[in-house]
Amino acid sequence: MKYIVCVKQVPDTQGKVAVKEDGTMDRSKMAAIINPDDLNAVEAALTLKDSNPDAKVVVVTMGPPPAAGMLHELLAMGADEAVLVSGREFGGSDTFATSQILAGAISHIGIEADDVIFCGRQAIDGDTAQVGPQIAEKLGIPQISYAADIEQNGNTLKVKRVLEDGYMTIEADTPCLITCIKELNKPRYMTVSGILEFDKKPYSVFDYETLKDEPLIEADTIGLKGSPTNVYKSFSPPQKAPGRMIAANESGVKELAQELAAKHII
Amino acid sequence: MYDCTDIKSFSGVMVFCEAREGKINTTSFELLSEGRKLADDLGTELSGLLIGKDVKGLAGQIGGYGADKVYVVESPLLETYTTDAYTKVISDVVHEKKPEILLIGATNIGRDLGPRCAARLHTGLTADATHLDIDTGKYLDFLRESSTIDVDSMKWDMEDKGLKMTRPAFGGHLMATIICPRFRPQMSTVRPGVLKCAEFDQAKADSVVIEELKTDLSDADLKTRVLEVVKETKEIVDLLGAEVIVSVGQGIAKDPEKGIALASELAEVLGGGVVGASRAAVDAGFISGDHQVGQTGKTVRPHI
């Protein structure tokens with residue numbers, strides 16, 4: 001039994017965001033972090049492994065070579081194996097091509113009847129929430145997105161799937177794919193023994209050569225060439241007019257109330 | 001023959017109208033209102049796709065918000081949303097009707113359904129668009145208003161009739177306009193509450209053409225089982241309709257509870273307002289995600 005977790009390294013959009021002259025993101029000036037929802041996905045797999053010690057947790061990412069650092073951290077957190085999918089041929093992929101490559105990589109690892117694939121709901125750089133469902137479609141397995149609770153009984157998973165005004169309880173048999181949200185769990189930290197021993201765990205790099213015989217990996221389904229969508233234009237939204245601070249005291253409150261009243265707002 | 005790269009064989013704008021418990025959601029009406037404008041700019045037809053169990057009676061509403069035609073697919077297996085059943089029905093309808101544009105509301109369900117459909121149909125999908133254009137002239141007007149791009153010093157293909165789908169990225173720090181030039185349909189999920197709803201037109205509602213389509217959906221197609229659907233009685237945060245919003249940010253970090261209490265007190269004093277929050281405040285766990293406003297949250301139109 002395997003729990004395969006797809007993760008992504010993203011620029012920290014909570015900190016200072018650096019935009020280049022041409023309106024694109026200057027990733028070199030921003031801190032790289034593990035996508036927050038993906039950490040919940042890793043924790044979901046590790047939690048299930050806690051009660052199924054024979055299961056193996058495999059973390060997979062697609063990205064440039066520096067993404068290896070993130071995989072090391074996840075091994076130190078408790079993952080058993082890590083795979084870095086990296087190659088020039090994969091660059092410029094949109095969500096369609098990315099899911100194609102990740103589905104190809106997962107097929108290469110091999111999916112068995114009792115495996116579960118986990119993804120974060122969405123990554124904070126693109127916020128698309130597309131790659132998880134698209135991997136499931138390309139692997140021909142069911143998906144449950146927005147998971148806030150997961151229970152496994154043998155080969156059946158029972159998932160609380162969040163809606164805007166409540167939730168659904170959904171059951172699916174393995175193999176299946178689940179996308180995880182923040183409400184699902186609280187990710188654990190790396191352990192000292194994990195940090196000391198992560199480099200003894202299996203670690204592989206899949207490049208184009210490794211994956212090229214996978215049926216999903218074709219020149220016209222991966223990379224920029226395999227991406228149905230293109231960026232037509234990107235731009236920064238206009239700066240808002242600066243706000244005005246009003247002192248947090250009685251005269252400030254008076255000033256605010258008078259101004260709102262003068263404008264007939266209150 | 002269906003060929004997703006044969007651009008000329010596709011025509012018309014289609015909107016997936018999401019119905020839950022016998023009610024079409026407002027987002028679908030926003031999409032129809034916008035879809036009407038896109039269809040007019042293309043000189044083509046706007047259709048609504050309505051699927052569920054006993055939903056035909058809702059078709060008039062879809063006409064009233066601008067659709068020329070409503071495709072209805074009914075089956076007991078479509079009563080509750082499942083990824084597998086809805087993906088199959090939508091993909092089958094797209095194969096048969098070949099719309100050049102397909103819009104889906106970016107609700108929790110739309111964001112589950114859209115990517116699965118796009119992958120099956122082998123086409124691109126823009127996520128959470130907040131602005132859509134066909135006409136290049138109108139797109140340039142939009143850029144003049146909402147970007148710092150020097151539009152007039154650049155060359156543009158004014159004849160281009162491709163769908164230009166604009167969305168926020170990187171937590172709203174950047175806007176990107178996405179196109180899907182080589183595949184059809186051009187698909188987008190669209191952020192709820194951003195596009196304006198047109199006036200309901202009773203005459204159009206009465207005259208809309210309804211076409212029922214058959215489906216060969218069977219139990220075997222459903223790989224997931226919905227055990228229950230639970231409505232939570234939690235207070236719904238109505239940011240979209242709020243006249244007054246008091247928003248909190250990272251500044252409440254010292255004492256989030258007190259900060260939120262102060263904000264709701266102020267909202268109350270200002271006439272029954274609602275508490276909003278920045279992404280930072282939501283990400284830090286001070287307040288739940290339904291309060292989030294802005295590029296990555298809800299688009300709101302309050303007086304204050």
# chains A, B, ... in the order shown; residues from 1 in each chain; ligands from 1
call {"tool": "select_by_dssp", "arguments": {"residues": "stretch 155-193 of chain B", "states": "strand (DSSP E or B)", "output": "ChimeraX atom specification"}}
result
/B:164-169,174-179,186-190
call {"tool": "interface_residues", "arguments": {"of": "chain A", "to": "chain B", "cutoff": "6 Å", "atoms": "only C-alpha atoms", "output": "PyMOL selection string"}}
result
chain A and resi 125-126+128+130+133-134+137+142+163+165-172+228-238
call {"tool": "closest_residue", "arguments": {"among": "A:Lys138, A:Lys49, A:Lys182, A:Arg27", "to": "A:Leu216", "atoms": "only C-alpha atoms"}}
result
A:Lys138
call {"tool": "select_by_dssp", "arguments": {"residues": "stretch 160-244 of chain A", "states": "helix (DSSP H, G or I)", "output": "list in words"}}
result
Lys182, Glu183, Leu184, Val192, Ser193, Gly194, Ile195, Leu196, Glu197, Phe198, Asp199, Lys200, Tyr208, Glu209, Thr210 and Leu211 of chain A
call {"tool": "residues_around", "arguments": {"residues": "stretch 22-26 of chain B", "least_positions_apart": "3", "cutoff": "10 Å", "atoms": "only C-alpha atoms", "output": "PDB file with C-alpha atoms, in the first residue's frame"}}
result
ATOM      1  CA  CYS B  17     -26.122  26.287 -14.716  1.00  0.00           C
ATOM      2  CA  GLU B  18     -25.492  24.762 -11.326  1.00  0.00           C
ATOM      3  CA  ALA B  19     -28.674  23.664  -9.557  1.00  0.00           C
ATOM      4  CA  PHE B  29     -27.229  34.023 -13.607  1.00  0.00           C
ATOM      5  CA  GLU B  30     -24.115  36.217 -13.487  1.00  0.00           C
ATOM      6  CA  LEU B  31     -22.464  33.910 -16.020  1.00  0.00           C
ATOM      7  CA  LEU B  32     -25.520  33.947 -18.294  1.00  0.00           C
ATOM      8  CA  LEU B  50     -29.134  22.419 -16.899  1.00  0.00           C
ATOM      9  CA  GLY B  52     -30.198  17.208 -12.449  1.00  0.00           C
ATOM     10  CA  LYS B  53     -33.332  15.315 -11.466  1.00  0.00           C
ATOM     11  CA  ASP B  54     -36.682  16.993 -12.314  1.00  0.00           C
ATOM     12  CA  VAL B  55     -35.038  20.313 -13.160  1.00  0.00           C
ATOM     13  CA  LYS B  56     -36.781  21.146 -16.453  1.00  0.00           C
ATOM     14  CA  GLY B  57     -39.105  23.577 -14.680  1.00  0.00           C
ATOM     15  CA  LEU B  58     -36.116  25.854 -13.946  1.00  0.00           C
ATOM     16  CA  ALA B  59     -35.284  26.356 -17.634  1.00  0.00           C
ATOM     17  CA  GLN B  61     -35.066  31.312 -15.396  1.00  0.00           C
ATOM     18  CA  ILE B  62     -32.098  30.569 -17.628  1.00  0.00           C
ATOM     19  CA  GLU B  79     -29.998  14.422  -8.227  1.00  0.00           C
ATOM     20  CA  GLY B 105     -19.115  29.106 -11.851  1.00  0.00           C
ATOM     21  CA  THR B 107     -18.023  27.403  -6.709  1.00  0.00           C
ATOM     22  CA  PRO B 192     -18.884  34.211  -7.945  1.00  0.00           C
ATOM     23  CA  GLY B 193     -20.077  37.748  -7.239  1.00  0.00           C
ATOM     24  CA  CYS B 197     -26.384  40.136 -13.112  1.00  0.00           C
TER      25      CYS B 197
END
call {"tool": "residues_around", "arguments": {"residues": "stretch 43-49 of chain B", "least_positions_apart": "5", "cutoff": "6 Å", "atoms": "only C-alpha atoms", "output": "list in words"}}
result
Gly12, Val13, Met14, Val15, Phe16, Cys17, Ala67, Asp68, Lys69, Val70 and Tyr71 of chain B
call {"tool": "write_last_selection", "arguments": {"atoms": "N, CA and C atoms", "output": "PDB file, in the first residue's frame"}}
result
ATOM      1  N   GLY B  12     -21.002  29.059 -30.610  1.00  0.00           N
ATOM      2  CA  GLY B  12     -21.951  29.285 -29.515  1.00  0.00           C
ATOM      3  C   GLY B  12     -21.276  29.355 -28.161  1.00  0.00           C
ATOM      4  N   VAL B  13     -21.938  30.050 -27.255  1.00  0.00           N
ATOM      5  CA  VAL B  13     -21.451  30.175 -25.881  1.00  0.00           C
ATOM      6  C   VAL B  13     -22.367  29.343 -24.997  1.00  0.00           C
ATOM      7  N   MET B  14     -21.791  28.511 -24.140  1.00  0.00           N
ATOM      8  CA  MET B  14     -22.593  27.664 -23.249  1.00  0.00           C
ATOM      9  C   MET B  14     -22.238  27.955 -21.796  1.00  0.00           C
ATOM     10  N   VAL B  15     -23.256  28.028 -20.961  1.00  0.00           N
ATOM     11  CA  VAL B  15     -23.038  28.246 -19.526  1.00  0.00           C
ATOM     12  C   VAL B  15     -23.594  27.041 -18.776  1.00  0.00           C
ATOM     13  N   PHE B  16     -22.757  26.448 -17.939  1.00  0.00           N
ATOM     14  CA  PHE B  16     -23.248  25.375 -17.065  1.00  0.00           C
ATOM     15  C   PHE B  16     -24.006  26.033 -15.918  1.00  0.00           C
ATOM     16  N   CYS B  17     -25.295  25.680 -15.763  1.00  0.00           N
ATOM     17  CA  CYS B  17     -26.122  26.287 -14.716  1.00  0.00           C
ATOM     18  C   CYS B  17     -26.230  25.310 -13.557  1.00  0.00           C
ATOM     19  N   ALA B  67     -30.330  33.478 -22.035  1.00  0.00           N
ATOM     20  CA  ALA B  67     -30.050  32.347 -22.924  1.00  0.00           C
ATOM     21  C   ALA B  67     -31.098  32.233 -24.021  1.00  0.00           C
ATOM     22  N   ASP B  68     -30.659  31.879 -25.231  1.00  0.00           N
ATOM     23  CA  ASP B  68     -31.574  31.620 -26.330  1.00  0.00           C
ATOM     24  C   ASP B  68     -32.157  30.224 -26.202  1.00  0.00           C
ATOM     25  N   LYS B  69     -31.349  29.337 -25.609  1.00  0.00           N
ATOM     26  CA  LYS B  69     -31.709  27.931 -25.609  1.00  0.00           C
ATOM     27  C   LYS B  69     -31.246  27.295 -24.303  1.00  0.00           C
ATOM     28  N   VAL B  70     -31.997  26.303 -23.843  1.00  0.00           N
ATOM     29  CA  VAL B  70     -31.568  25.570 -22.657  1.00  0.00           C
ATOM     30  C   VAL B  70     -31.519  24.086 -23.002  1.00  0.00           C
ATOM     31  N   TYR B  71     -30.383  23.482 -22.765  1.00  0.00           N
ATOM     32  CA  TYR B  71     -30.270  22.031 -22.894  1.00  0.00           C
ATOM     33  C   TYR B  71     -30.530  21.429 -21.516  1.00  0.00           C
TER      34      TYR B  71
END
call {"tool": "atom_distance", "arguments": {"atom1": "atom CA of B:Asp255", "atom2": "atom CA of A:Met245"}}
result
19.9 Å
call {"tool": "residues_around", "arguments": {"residues": "A:Val83", "least_positions_apart": "2", "cutoff": "8 Å", "atoms": "only C-alpha atoms", "output": "number ranges by chain"}}
result
A: 58-61, 71, 81, 85, 203-206
call {"tool": "atom_distance", "arguments": {"atom1": "atom CA of A:Ala55", "atom2": "atom CA of A:Phe198"}}
result
17.6 Å
call {"tool": "closest_residue", "arguments": {"among": "B:Lys88, B:Lys254, B:Arg36, B:His95", "to": "B:Pro185", "atoms": "only C-alpha atoms"}}
result
B:His95
call {"tool": "closest_residue", "arguments": {"among": "A:Asp37, A:Glu250, A:Asp26, A:Glu164", "to": "A:Gly132", "atoms": "only C-alpha atoms"}}
result
A:Asp37
call {"tool": "residues_around", "arguments": {"residues": "stretch 145-152 of chain A", "least_positions_apart": "4", "cutoff": "8 Å", "atoms": "only C-alpha atoms", "output": "count of residues only"}}
result
21
call {"tool": "atom_distance", "arguments": {"atom1": "atom CA of A:Leu39", "atom2": "atom CA of A:Val7"}}
result
7.8 Å
call {"tool": "residues_around", "arguments": {"residues": "A:Asp80", "least_positions_apart": "4", "cutoff": "8 Å", "atoms": "only C-alpha atoms", "output": "JSON, numbers by chain"}}
result
{"A": [56, 57, 58, 75, 201, 202]}
